[in-house]
$ cat data.txt   # compact mmCIF, C-alpha atoms
# COMPACT_ATOMS: atom_id res chain seq x y z
CA GLY A 1 -44.66 2.34 -29.28
CA ILE A 2 -47.82 1.12 -31.01
CA PHE A 3 -49.75 1.74 -27.78
CA VAL A 4 -48.84 5.42 -27.67
CA ALA A 5 -48.80 6.16 -31.39
CA THR A 6 -52.11 4.66 -32.46
CA CYS A 7 -54.09 2.12 -30.49
CA GLY A 8 -54.86 4.02 -27.29
CA HIS A 9 -56.33 7.15 -28.85
CA VAL A 10 -58.13 5.12 -31.54
CA VAL A 11 -59.89 3.00 -28.90
CA ASN A 12 -60.95 6.05 -26.91
CA LYS A 13 -62.23 7.87 -30.03
CA CYS A 14 -64.24 4.84 -31.14
CA LYS A 15 -66.38 4.94 -28.02
CA ASN A 16 -67.55 8.42 -28.94
CA ASN A 17 -68.85 7.17 -32.28
CA ILE A 18 -70.46 3.91 -31.15
CA LYS A 19 -73.64 4.10 -29.12
CA ASN A 20 -73.63 2.49 -25.67
CA SER A 21 -69.91 1.66 -25.83
CA ILE A 22 -67.01 2.14 -23.46
CA SER A 23 -63.24 2.05 -23.92
CA ALA A 24 -60.83 -0.19 -22.05
CA VAL A 25 -57.03 0.06 -22.20
CA ILE A 26 -54.51 -2.52 -21.00
CA LEU A 27 -51.27 -1.06 -19.61
CA HIS A 28 -48.43 -3.47 -20.36
CA HIS A 29 -45.43 -1.21 -19.86
CA ALA A 30 -44.66 2.11 -18.17
CA TYR A 31 -42.14 4.16 -20.17
CA HIS A 32 -41.01 6.37 -17.32
CA LEU A 33 -39.75 3.39 -15.30
CA TYR A 34 -37.16 2.27 -17.84
CA GLY A 35 -36.63 5.01 -20.44
CA ALA A 36 -33.32 6.10 -18.95
CA LEU A 37 -32.09 2.49 -18.88
CA LYS A 38 -32.45 2.47 -22.69
CA GLY A 39 -30.43 5.68 -23.01
CA LYS A 40 -33.45 7.87 -23.67
CA SER A 41 -33.41 11.53 -22.63
CA GLY A 42 -35.63 12.80 -19.86
CA GLU A 43 -37.56 14.91 -22.36
CA GLU A 44 -38.26 11.92 -24.65
CA THR A 45 -39.31 9.75 -21.71
CA ASP A 46 -41.55 12.47 -20.26
CA ASN A 47 -43.25 13.08 -23.62
CA LYS A 48 -44.16 9.40 -23.85
CA LYS A 49 -45.35 9.37 -20.26
CA ILE A 50 -47.59 12.40 -20.86
CA LEU A 51 -49.12 10.86 -23.98
CA GLN A 52 -49.63 7.57 -22.18
CA ARG A 53 -51.26 9.37 -19.26
CA GLU A 54 -53.70 11.11 -21.61
CA ILE A 55 -54.76 7.80 -23.09
CA LEU A 56 -55.19 6.17 -19.69
CA ARG A 57 -57.25 9.06 -18.35
CA GLU A 58 -59.53 9.06 -21.40
CA ALA A 59 -60.31 5.36 -20.98
CA ASP A 60 -63.36 4.21 -19.03
CA ILE A 61 -61.46 1.20 -17.72
CA VAL A 62 -57.72 0.73 -17.23
CA PHE A 63 -56.38 -2.80 -16.84
CA THR A 64 -52.76 -3.53 -15.95
CA VAL A 65 -50.71 -6.68 -16.49
CA GLY A 66 -49.58 -7.64 -13.01
CA PRO A 67 -49.05 -5.80 -9.71
CA LYS A 68 -45.97 -3.75 -10.66
CA LEU A 69 -47.77 -1.92 -13.45
CA PHE A 70 -50.87 -1.60 -11.27
CA ASN A 71 -48.77 0.26 -8.69
CA SER A 72 -47.28 2.44 -11.44
CA LEU A 73 -50.73 3.94 -12.06
CA LYS A 74 -50.09 6.13 -9.03
CA ASP A 75 -47.43 7.91 -11.10
CA TYR A 76 -50.17 8.79 -13.60
CA ARG A 77 -52.46 9.83 -10.71
CA ILE A 78 -54.99 7.18 -11.69
CA ASN A 79 -56.63 5.36 -8.78
CA ASN A 80 -59.27 3.19 -10.42
CA GLY A 81 -57.16 0.63 -12.30
CA ILE A 82 -57.82 -3.11 -12.34
CA GLU A 83 -54.93 -5.56 -11.93
CA LEU A 84 -54.88 -8.64 -14.17
CA ASN A 85 -52.62 -11.63 -13.48
CA PRO A 86 -52.26 -14.04 -16.42
CA GLY A 87 -52.05 -17.79 -15.93
CA CYS A 88 -50.05 -20.45 -17.71
CA PHE A 89 -50.23 -20.52 -21.49
CA LYS A 90 -51.96 -23.20 -23.53
CA THR A 91 -49.55 -25.39 -25.48
CA ASN A 92 -49.43 -28.86 -26.99
CA ILE A 93 -45.72 -29.30 -26.25
CA GLU A 94 -44.87 -32.24 -23.98
CA ILE A 95 -43.64 -31.39 -20.48
CA PHE A 96 -40.77 -33.46 -19.07
CA PRO A 97 -41.75 -34.75 -15.60
CA GLU A 98 -38.15 -34.80 -14.35
CA ASP A 99 -34.68 -33.56 -15.22
CA ASN A 100 -33.76 -35.39 -18.42
CA LEU A 101 -30.02 -34.68 -18.48
CA GLY A 102 -28.76 -36.09 -15.18
CA ASP A 103 -25.02 -35.53 -14.90
CA ARG A 104 -24.56 -34.96 -18.63
CA GLY A 105 -24.73 -31.19 -18.20
CA ASN A 106 -27.27 -28.40 -18.07
CA ARG A 107 -29.26 -26.34 -20.55
CA ILE A 108 -29.76 -22.76 -19.39
CA MET A 109 -31.99 -20.35 -21.26
CA GLY A 110 -32.78 -16.66 -21.43
CA SER A 111 -35.21 -15.20 -23.94
CA GLY A 112 -37.06 -12.04 -24.87
CA ARG A 113 -36.14 -8.97 -26.87
CA LEU A 114 -32.40 -9.19 -26.16
CA SER A 115 -31.19 -6.62 -28.71
CA ASN A 116 -28.23 -4.34 -28.00
CA GLU A 117 -30.62 -1.47 -27.27
CA ASP A 118 -32.35 -3.49 -24.56
CA ASN A 119 -29.27 -5.23 -23.17
CA HIS A 120 -28.98 -3.00 -20.11
CA ILE A 121 -32.57 -3.87 -19.22
CA LYS A 122 -32.78 -7.54 -20.21
CA GLN A 123 -29.21 -8.24 -19.03
CA SER A 124 -28.24 -10.81 -21.69
CA GLU A 125 -24.61 -9.72 -21.25
CA LEU A 126 -24.83 -10.49 -17.53
CA LEU A 127 -26.32 -13.91 -18.25
CA LYS A 128 -23.58 -14.66 -20.79
CA ASN A 129 -20.75 -13.64 -18.43
CA ALA A 130 -22.26 -15.53 -15.49
CA PHE A 131 -22.68 -18.66 -17.62
CA ILE A 132 -19.04 -18.55 -18.76
CA GLU A 133 -17.90 -18.23 -15.15
CA TYR A 134 -20.27 -20.94 -13.94
CA SER A 135 -19.43 -23.50 -16.64
CA LYS A 136 -15.64 -23.19 -16.75
CA ASP A 137 -15.06 -25.88 -14.08
CA LYS A 138 -18.04 -28.10 -14.95
CA ARG A 139 -17.87 -31.40 -16.80
CA GLY A 140 -20.42 -32.43 -19.40
CA ASP A 141 -22.26 -30.36 -21.98
CA HIS A 142 -23.32 -27.10 -20.41
CA ILE A 143 -25.19 -24.93 -22.91
CA LEU A 144 -26.58 -21.40 -22.74
CA TYR A 145 -29.46 -20.74 -25.15
CA LEU A 146 -30.19 -17.06 -25.88
CA LEU A 147 -33.35 -16.39 -27.90
CA GLY A 148 -34.15 -12.89 -29.12
CA LEU A 149 -30.77 -11.40 -30.08
CA ASP A 150 -30.16 -9.10 -33.04
CA ASP A 151 -27.84 -10.02 -35.92
CA SER A 152 -24.82 -8.07 -34.67
CA GLU A 153 -24.93 -9.68 -31.23
CA ILE A 154 -25.36 -13.14 -32.75
CA ASN A 155 -22.30 -12.62 -34.95
CA ASN A 156 -20.29 -11.33 -31.99
CA LEU A 157 -21.16 -14.31 -29.78
CA CYS A 158 -20.39 -16.77 -32.55
CA LYS A 159 -16.88 -15.31 -32.75
CA ILE A 160 -16.51 -15.52 -28.96
CA ASN A 161 -17.64 -19.17 -29.03
CA LEU A 162 -15.03 -19.97 -31.65
CA LYS A 163 -12.27 -18.13 -29.80
CA ASP A 164 -12.96 -19.21 -26.21
CA GLY A 165 -14.76 -22.51 -26.64
CA ASN A 166 -18.04 -21.35 -25.06
CA ASN A 167 -21.20 -23.29 -25.82
CA ILE A 168 -23.68 -20.45 -26.34
CA ILE A 169 -26.51 -20.99 -28.84
CA THR A 170 -27.92 -17.76 -30.28
CA LYS A 171 -31.11 -17.12 -32.22
CA LYS A 172 -33.14 -14.13 -33.34
CA PHE A 173 -36.53 -13.21 -31.93
CA THR A 174 -39.38 -15.34 -33.29
CA ASN A 175 -43.18 -15.26 -33.23
CA ASP A 176 -43.36 -19.07 -33.40
CA ARG A 177 -44.81 -19.59 -29.93
CA GLU A 178 -45.01 -23.38 -30.11
CA GLY A 179 -41.40 -23.42 -31.27
CA VAL A 180 -40.43 -21.29 -28.26
CA PHE A 181 -42.27 -23.60 -25.85
CA ASP A 182 -40.61 -26.60 -27.49
CA THR A 183 -37.18 -25.05 -26.86
CA ILE A 184 -38.03 -24.07 -23.27
CA ALA A 185 -39.19 -27.64 -22.54
CA GLU A 186 -35.68 -28.91 -23.33
CA GLN A 187 -33.98 -26.64 -20.78
CA SER A 188 -32.72 -27.42 -17.29
CA TRP A 189 -33.35 -23.89 -16.00
CA PHE A 190 -34.65 -20.57 -17.21
CA VAL A 191 -33.11 -17.23 -16.16
CA MET A 192 -34.82 -13.83 -16.26
CA PRO A 193 -32.17 -11.44 -14.81
CA SER A 194 -33.80 -8.20 -16.01
CA ARG A 195 -32.99 -4.87 -14.44
CA HIS A 196 -36.65 -3.98 -15.03
CA GLU A 197 -39.70 -5.94 -16.24
CA GLY A 198 -43.20 -4.52 -16.21
CA PHE A 199 -44.37 -8.11 -15.93
CA GLY A 200 -42.08 -10.74 -17.47
CA LEU A 201 -44.02 -13.08 -19.76
CA THR A 202 -40.86 -15.05 -20.60
CA GLY A 203 -40.70 -16.20 -16.98
CA LEU A 204 -44.33 -17.26 -17.20
CA GLU A 205 -43.47 -19.30 -20.30
CA ALA A 206 -40.91 -21.20 -18.22
CA ILE A 207 -43.48 -21.81 -15.47
CA THR A 208 -45.88 -23.09 -18.13
CA MET A 209 -43.35 -25.73 -19.18
CA GLY A 210 -42.42 -26.72 -15.62
CA ILE A 211 -38.86 -25.38 -15.94
CA PRO A 212 -37.02 -24.14 -12.78
CA LEU A 213 -36.83 -20.36 -12.73
CA ILE A 214 -34.31 -17.74 -11.59
CA ILE A 215 -36.15 -14.43 -11.62
CA SER A 216 -35.27 -10.79 -11.03
CA THR A 217 -36.99 -9.22 -8.04
CA ASN A 218 -37.60 -6.05 -10.08
CA SER A 219 -40.35 -7.60 -12.19
CA GLY A 220 -44.10 -7.78 -12.09
CA LEU A 221 -44.02 -11.58 -12.24
CA TYR A 222 -41.80 -11.74 -9.15
CA GLU A 223 -44.18 -9.41 -7.28
CA GLN A 224 -47.06 -11.68 -8.27
CA LEU A 225 -45.18 -14.81 -7.16
CA SER A 226 -44.03 -13.29 -3.87
CA SER A 227 -47.61 -12.38 -2.95
CA HIS A 228 -48.29 -16.12 -2.62
CA PRO A 229 -46.27 -17.29 0.44
CA ASP A 230 -47.02 -20.97 -0.21
CA ILE A 231 -44.79 -20.97 -3.31
CA ASN A 232 -41.89 -18.77 -2.20
CA ASP A 233 -39.37 -21.62 -2.31
CA TYR A 234 -40.49 -22.92 -5.72
CA TYR A 235 -38.13 -20.52 -7.56
CA ILE A 236 -34.93 -18.55 -6.92
CA SER A 237 -35.15 -14.76 -6.73
CA LEU A 238 -32.28 -12.60 -7.96
CA GLU A 239 -31.82 -9.03 -6.76
CA ILE A 240 -30.21 -6.87 -9.44
CA VAL A 241 -28.12 -3.95 -8.14
CA ASN A 242 -25.99 -1.25 -9.80
CA ASP A 243 -22.79 -3.27 -9.52
CA GLU A 244 -22.16 -5.74 -12.33
CA ASN A 245 -19.60 -7.72 -10.35
CA ILE A 246 -22.09 -8.29 -7.53
CA ASN A 247 -24.81 -9.23 -10.05
CA LYS A 248 -22.48 -11.70 -11.76
CA THR A 249 -21.46 -13.30 -8.45
CA ASN A 250 -25.06 -13.61 -7.29
CA LEU A 251 -26.17 -15.17 -10.58
CA VAL A 252 -23.27 -17.66 -10.60
CA ASN A 253 -24.20 -18.62 -7.04
CA ALA A 254 -27.81 -19.12 -8.10
CA LEU A 255 -26.73 -21.36 -11.01
CA ASN A 256 -24.55 -23.42 -8.68
CA GLU A 257 -27.45 -23.71 -6.23
CA PHE A 258 -29.61 -25.14 -9.00
CA ASN A 259 -26.86 -27.45 -10.14
CA SER A 260 -26.47 -28.93 -6.66
CA LYS A 261 -30.21 -29.61 -6.28
CA LYS A 262 -31.41 -30.24 -9.82
CA SER A 263 -33.98 -32.91 -9.01
CA GLU A 264 -35.38 -30.96 -6.07
CA TYR A 265 -35.85 -27.76 -8.06
CA LYS A 266 -37.41 -29.64 -10.97
CA LYS A 267 -40.07 -31.03 -8.62
CA LYS A 268 -40.67 -27.54 -7.24
CA ALA A 269 -41.04 -26.13 -10.75
CA LEU A 270 -43.74 -28.68 -11.54
CA LYS A 271 -45.48 -27.80 -8.26
CA LEU A 272 -45.31 -24.12 -9.22
CA ARG A 273 -46.95 -24.93 -12.55
CA ASP A 274 -49.69 -26.91 -10.78
CA TYR A 275 -50.27 -24.01 -8.37
CA PHE A 276 -50.78 -21.62 -11.29
CA ASN A 277 -53.15 -24.02 -13.03
CA GLN A 278 -55.29 -24.18 -9.90
CA ASN A 279 -55.11 -20.63 -8.55
CA ILE A 280 -53.92 -18.19 -11.24
CA THR A 281 -55.69 -18.99 -14.50
CA TRP A 282 -56.82 -17.26 -17.67
CA GLU A 283 -60.38 -18.29 -16.79
CA LEU A 284 -60.16 -16.32 -13.53
CA LEU A 285 -58.61 -13.40 -15.42
CA VAL A 286 -61.48 -13.32 -17.93
CA LYS A 287 -64.03 -13.54 -15.14
CA LYS A 288 -62.37 -10.58 -13.42
CA ILE A 289 -62.50 -8.56 -16.63
CA ILE A 290 -66.21 -9.29 -17.03
CA ASP A 291 -67.08 -8.69 -13.38
CA LYS A 292 -65.09 -5.48 -13.04
CA SER A 293 -66.29 -4.16 -16.39
CA SER A 294 -69.92 -4.82 -15.53
CA GLU A 295 -69.55 -2.62 -12.45
CA ARG A 296 -68.69 0.33 -14.68
CA ILE A 297 -70.96 -0.24 -17.67
CA LYS A 298 -74.46 1.18 -17.87
CA ILE A 299 -76.55 -1.85 -18.80
CA GLU A 300 -79.36 -1.28 -21.26
CA PRO A 301 -82.68 -3.02 -20.43
CA ILE A 302 -83.78 -6.10 -22.35
CA PHE A 303 -86.46 -4.11 -24.16
CA PRO A 304 -86.54 -0.44 -25.11
CA ILE A 305 -89.57 -0.06 -22.79
CA LYS A 306 -89.88 2.94 -20.51
CA ASN A 307 -93.38 2.72 -19.04
CA GLU A 308 -96.44 0.51 -18.43
CA MET A 309 -98.14 1.60 -21.64
CA GLU A 310 -95.22 0.43 -23.74
CA ILE A 311 -95.09 -2.86 -21.82
CA ASN A 312 -98.80 -3.47 -22.53
CA HIS A 313 -98.27 -2.62 -26.19
CA PHE A 314 -95.36 -5.05 -26.39
CA ILE A 315 -97.39 -7.84 -24.80
CA GLU A 316 -100.41 -7.28 -27.06
CA ASN A 317 -98.13 -7.69 -30.08
CA LEU A 318 -96.58 -10.75 -28.49
CA LYS A 319 -100.01 -12.39 -28.06
CA LYS A 320 -100.56 -12.12 -31.79
CA LYS A 321 -97.50 -14.24 -32.49
CA SER A 322 -97.73 -17.97 -32.96
CA ASN A 323 -97.04 -20.17 -29.95
CA ASN A 324 -93.73 -21.24 -31.45
CA ASN A 325 -92.48 -17.68 -32.02
CA ARG A 326 -93.82 -16.61 -28.66
CA LEU A 327 -91.93 -19.48 -27.01
CA LYS A 328 -88.68 -18.47 -28.70
CA LEU A 329 -89.03 -14.90 -27.52
CA LEU A 330 -89.94 -16.00 -24.01
CA GLU A 331 -86.88 -18.26 -23.86
CA SER A 332 -84.75 -15.35 -25.01
CA ILE A 333 -86.14 -13.17 -22.22
CA CYS A 334 -85.50 -15.88 -19.64
CA ASN A 335 -81.96 -16.49 -20.80
CA GLU A 336 -81.26 -12.75 -20.53
CA ILE A 337 -82.49 -12.80 -16.93
CA LEU A 338 -80.47 -15.91 -16.13
CA GLY A 339 -77.39 -14.27 -17.54
CA SER A 340 -77.82 -11.30 -15.24
CA LYS A 341 -78.25 -13.22 -11.97
CA ASN A 342 -74.57 -13.14 -11.02
CA LEU A 343 -74.10 -9.46 -11.78
CA LYS A 344 -74.60 -6.52 -9.46
CA LYS A 345 -78.28 -6.00 -8.63
CA GLU A 346 -78.22 -2.24 -8.76
CA LEU A 347 -77.01 -2.27 -12.36
CA HIS A 348 -79.56 -4.82 -13.53
CA PHE A 349 -82.59 -4.04 -11.43
CA GLY A 350 -84.38 -2.29 -14.30
CA LYS A 351 -83.52 -5.11 -16.66
CA ILE A 352 -84.81 -7.82 -14.31
CA LEU A 353 -87.92 -5.83 -13.40
CA ARG A 354 -88.96 -5.42 -17.03
CA GLY A 355 -88.41 -9.11 -17.68
CA MET A 356 -90.42 -9.97 -14.56
CA ILE A 357 -93.36 -7.82 -15.64
CA VAL A 358 -93.39 -9.29 -19.12
CA ILE A 359 -93.19 -12.88 -17.88
CA SER A 360 -95.90 -12.23 -15.30
CA LYS A 361 -98.29 -10.85 -17.95
CA LEU A 362 -97.59 -13.76 -20.28
CA ASN A 363 -99.24 -16.24 -17.92
CA ILE A 364 -102.06 -16.59 -20.43
CA ASP A 365 -101.52 -19.98 -22.06
CA ILE A 366 -98.70 -20.50 -19.55
CA GLU A 367 -98.99 -24.31 -19.76
CA GLU A 368 -97.92 -24.08 -23.37
CA THR A 369 -95.07 -21.69 -22.77
CA LEU A 370 -93.50 -23.01 -19.57
CA THR A 371 -89.87 -23.98 -20.18
CA GLU A 372 -86.97 -25.02 -18.01
CA GLN A 373 -85.49 -21.56 -18.51
CA TYR A 374 -88.72 -19.94 -17.43
CA GLU A 375 -88.95 -22.02 -14.29
CA GLU A 376 -85.40 -21.14 -13.31
CA SER A 377 -85.94 -17.49 -14.09
CA LYS A 378 -89.14 -17.44 -12.06
CA GLY A 379 -87.26 -18.85 -9.09
CA ILE A 380 -84.66 -16.15 -9.36
CA LEU A 381 -87.23 -13.40 -9.70
CA PHE A 382 -89.80 -14.50 -7.17
CA GLY A 383 -87.73 -16.67 -4.84
CA ASP A 384 -89.72 -19.85 -5.55

$ encode --input "data.txt" --output "structure tokens"
Amino acid sequence: GIFVATCGHVVNKCKNNIKNSISAVILHHAYHLYGALKGKSGEETDNKKILQREILREADIVFTVGPKLFNSLKDYRINNGIELNPGCFKTNIEIFPEDNLGDRGNRIMGSGRLSNEDNHIKQSELLKNAFIEYSKDKRGDHILYLLGLDDSEINNLCKINLKDGNNIITKKFTNDREGVFDTIAEQSWFVMPSRHEGFGLTGLEAITMGIPLIISTNSGLYEQLSSHPDINDYYISLEIVNDENINKTNLVNALNEFNSKKSEYKKKALKLRDYFNQNITWELLVKKIIDKSSERIKIEPIFPIKNEMEINHFIENLKKKSNNNRLKLLESICNEILGSKNLKKELHFGKILRGMIVISKLNIDIEETLTEQYEESKGILFGD
């Protein structure tokens, strides 16, 4: 809601008032893919889609969180989006290297915005019913932990617990991320049975903590995982259909599968976490943002110099500076050139050329002004 109401148009308007700026928008949900699932009318859903499309088309760069939202750009008739795939989160919470419960039971968790309004999407009711069916013939302490419910649902489940003897722990949504990771770390498995997820960051939180994952196939995170064949057996996929009895049966079967191979799936979950930390990282995501953005940004030259006369004027003024100040400026020029060496040549040719001319003409007193940065820059520029 914030995206449509304020942020998108504000970002795009800012670029028109700030010199040499561009606007970038990150698409993190597509209203038209799930509006009806929340009971919204077609008119309300279409209005949001139209407003969202306007914002996306105004932006210079459109990023999407994961492959599912990237593919949804076709519905907006936008063909120049950039897909971003987040890595594991940073946390100080200890990760258990193996299943810590043994035969004493299982801790099963689902989290997210599990309010009544979102229930048909997030499927907390399905998870609750499947857990009750799964745990009725199990010994030990089997616990379902639901994080993100609203007050009415919490009160309802507390009454059901008291009446039927179910062990379902309920809590409201929280912004305490370390607290969430601490709770996830204590679980045996994590379940994300959503009917629709643009991405599914809660599943990524489970991967971060090395917790075995059951994940809906209709999610961006599943599409990301399934694009890496080497890790396809490190999690259990769950196909959600329009038959609640089938969904319940499939989820109970998945829980029983985990229960029969707890140690094996725990090892796979830790391998999945290691795979992310090596191949799908925030560092790679940031690099992609920088690289892709640089392809679309008009880079200003180091100096506001347009011709040879201005270059000569600049250098004459530079010669009047003390050696120390001249050295600082020269180092600044060299560092600028070094910073541009990994970027596309056609965008930076003018920038490098101006730096090259200036450095070449500063060879007076060069013994005093040679620096490590200069030597490296000279090698880049002249191939030495």

$ closest_atom_pairs --input "data.txt" --of "segment 155-240 of chain A" --to "segment 71-79 of chain A" --cutoff "12 Å" --atoms "all atoms listed in the file" --output "tab-separated table"
residue	atom	partner	partner_atom	distance
A:Gly198	CA	A:Ser72	CA	9.4
A:Phe199	CA	A:Ser72	CA	11.8
A:Gly220	CA	A:Asn71	CA	9.9
A:Glu223	CA	A:Asn71	CA	10.8

$ atom_distance --input "data.txt" --atom1 "atom CA of Ala130 of chain A" --atom2 "atom CA of Thr249 of chain A"
7.4 Å

$ atom_distance --input "data.txt" --atom1 "atom CA of Gly42 of chain A" --atom2 "atom CA of Val62 of chain A"
25.3 Å

$ residues_around --input "data.txt" --residues "Gly165 of chain A" --least-positions-apart "6" --cutoff "10 Å" --atoms "all atoms listed in the file" --output "list in words"
Ile132, Lys136, Cys158 and Lys159 of chain A

$ write_last_selection --input "data.txt" --atoms "C-alpha atoms" --output "PDB file, in the coordinates of the input"
ATOM      1  CA  ILE A 132     -19.040 -18.550 -18.760  1.00  0.00           C
ATOM      2  CA  LYS A 136     -15.640 -23.190 -16.750  1.00  0.00           C
ATOM      3  CA  CYS A 158     -20.390 -16.770 -32.550  1.00  0.00           C
ATOM      4  CA  LYS A 159     -16.880 -15.310 -32.750  1.00  0.00           C
TER       5      LYS A 159
END

$ atom_distance --input "data.txt" --atom1 "atom CA of Leu33 of chain A" --atom2 "atom CA of Lys248 of chain A"
23.2 Å

$ closest_residue --input "data.txt" --among "A:Asn232, A:Ser226, A:Asn167, A:Ser293" --to "Asn106 of chain A" --atoms "only C-alpha atoms"
A:Asn167

$ build_atoms --input "data.txt" --residues "segment 279-294 of chain A" --atoms "N, CA, C and O atoms" --output "PDB file, keeping the file's coordinate frame"
ATOM      1  N   ASN A 279     -54.806 -21.870  -9.254  1.00  0.00           N
ATOM      2  CA  ASN A 279     -55.110 -20.630  -8.550  1.00  0.00           C
ATOM      3  C   ASN A 279     -54.951 -19.352  -9.366  1.00  0.00           C
ATOM      4  O   ASN A 279     -55.528 -18.321  -9.007  1.00  0.00           O
ATOM      5  N   ILE A 280     -54.156 -19.391 -10.437  1.00  0.00           N
ATOM      6  CA  ILE A 280     -53.920 -18.190 -11.240  1.00  0.00           C
ATOM      7  C   ILE A 280     -54.126 -18.580 -12.700  1.00  0.00           C
ATOM      8  O   ILE A 280     -53.190 -18.992 -13.385  1.00  0.00           O
ATOM      9  N   THR A 281     -55.344 -18.468 -13.176  1.00  0.00           N
ATOM     10  CA  THR A 281     -55.690 -18.990 -14.500  1.00  0.00           C
ATOM     11  C   THR A 281     -56.242 -17.900 -15.404  1.00  0.00           C
ATOM     12  O   THR A 281     -56.692 -16.844 -14.949  1.00  0.00           O
ATOM     13  N   TRP A 282     -56.220 -18.185 -16.702  1.00  0.00           N
ATOM     14  CA  TRP A 282     -56.820 -17.260 -17.670  1.00  0.00           C
ATOM     15  C   TRP A 282     -58.333 -17.189 -17.477  1.00  0.00           C
ATOM     16  O   TRP A 282     -58.944 -16.147 -17.718  1.00  0.00           O
ATOM     17  N   GLU A 283     -58.931 -18.288 -17.034  1.00  0.00           N
ATOM     18  CA  GLU A 283     -60.380 -18.290 -16.790  1.00  0.00           C
ATOM     19  C   GLU A 283     -60.731 -17.285 -15.682  1.00  0.00           C
ATOM     20  O   GLU A 283     -61.712 -16.530 -15.795  1.00  0.00           O
ATOM     21  N   LEU A 284     -59.926 -17.283 -14.619  1.00  0.00           N
ATOM     22  CA  LEU A 284     -60.160 -16.320 -13.530  1.00  0.00           C
ATOM     23  C   LEU A 284     -59.910 -14.894 -14.015  1.00  0.00           C
ATOM     24  O   LEU A 284     -60.605 -13.961 -13.604  1.00  0.00           O
ATOM     25  N   LEU A 285     -58.908 -14.728 -14.882  1.00  0.00           N
ATOM     26  CA  LEU A 285     -58.610 -13.400 -15.420  1.00  0.00           C
ATOM     27  C   LEU A 285     -59.795 -12.884 -16.236  1.00  0.00           C
ATOM     28  O   LEU A 285     -60.207 -11.727 -16.077  1.00  0.00           O
ATOM     29  N   VAL A 286     -60.344 -13.732 -17.104  1.00  0.00           N
ATOM     30  CA  VAL A 286     -61.480 -13.320 -17.930  1.00  0.00           C
ATOM     31  C   VAL A 286     -62.686 -12.992 -17.065  1.00  0.00           C
ATOM     32  O   VAL A 286     -63.388 -12.002 -17.301  1.00  0.00           O
ATOM     33  N   LYS A 287     -62.910 -13.807 -16.045  1.00  0.00           N
ATOM     34  CA  LYS A 287     -64.030 -13.540 -15.140  1.00  0.00           C
ATOM     35  C   LYS A 287     -63.861 -12.187 -14.455  1.00  0.00           C
ATOM     36  O   LYS A 287     -64.823 -11.427 -14.295  1.00  0.00           O
ATOM     37  N   LYS A 288     -62.629 -11.870 -14.071  1.00  0.00           N
ATOM     38  CA  LYS A 288     -62.370 -10.580 -13.420  1.00  0.00           C
ATOM     39  C   LYS A 288     -62.637  -9.434 -14.378  1.00  0.00           C
ATOM     40  O   LYS A 288     -63.201  -8.411 -13.993  1.00  0.00           O
ATOM     41  N   ILE A 289     -62.229  -9.601 -15.635  1.00  0.00           N
ATOM     42  CA  ILE A 289     -62.500  -8.560 -16.630  1.00  0.00           C
ATOM     43  C   ILE A 289     -63.994  -8.320 -16.767  1.00  0.00           C
ATOM     44  O   ILE A 289     -64.468  -7.180 -16.765  1.00  0.00           O
ATOM     45  N   ILE A 290     -64.752  -9.415 -16.858  1.00  0.00           N
ATOM     46  CA  ILE A 290     -66.210  -9.290 -17.030  1.00  0.00           C
ATOM     47  C   ILE A 290     -66.844  -8.677 -15.797  1.00  0.00           C
ATOM     48  O   ILE A 290     -67.657  -7.747 -15.890  1.00  0.00           O
ATOM     49  N   ASP A 291     -66.463  -9.188 -14.617  1.00  0.00           N
ATOM     50  CA  ASP A 291     -67.080  -8.690 -13.380  1.00  0.00           C
ATOM     51  C   ASP A 291     -66.763  -7.222 -13.146  1.00  0.00           C
ATOM     52  O   ASP A 291     -67.652  -6.424 -12.834  1.00  0.00           O
ATOM     53  N   LYS A 292     -65.488  -6.859 -13.296  1.00  0.00           N
ATOM     54  CA  LYS A 292     -65.090  -5.480 -13.040  1.00  0.00           C
ATOM     55  C   LYS A 292     -65.660  -4.529 -14.089  1.00  0.00           C
ATOM     56  O   LYS A 292     -66.035  -3.391 -13.776  1.00  0.00           O
ATOM     57  N   SER A 293     -65.727  -5.009 -15.332  1.00  0.00           N
ATOM     58  CA  SER A 293     -66.290  -4.160 -16.390  1.00  0.00           C
ATOM     59  C   SER A 293     -67.762  -3.917 -16.156  1.00  0.00           C
ATOM     60  O   SER A 293     -68.269  -2.803 -16.356  1.00  0.00           O
ATOM     61  N   SER A 294     -68.473  -4.953 -15.722  1.00  0.00           N
ATOM     62  CA  SER A 294     -69.920  -4.820 -15.530  1.00  0.00           C
ATOM     63  C   SER A 294     -70.249  -3.813 -14.440  1.00  0.00           C
ATOM     64  O   SER A 294     -71.317  -3.213 -14.442  1.00  0.00           O
TER      65      SER A 294
END
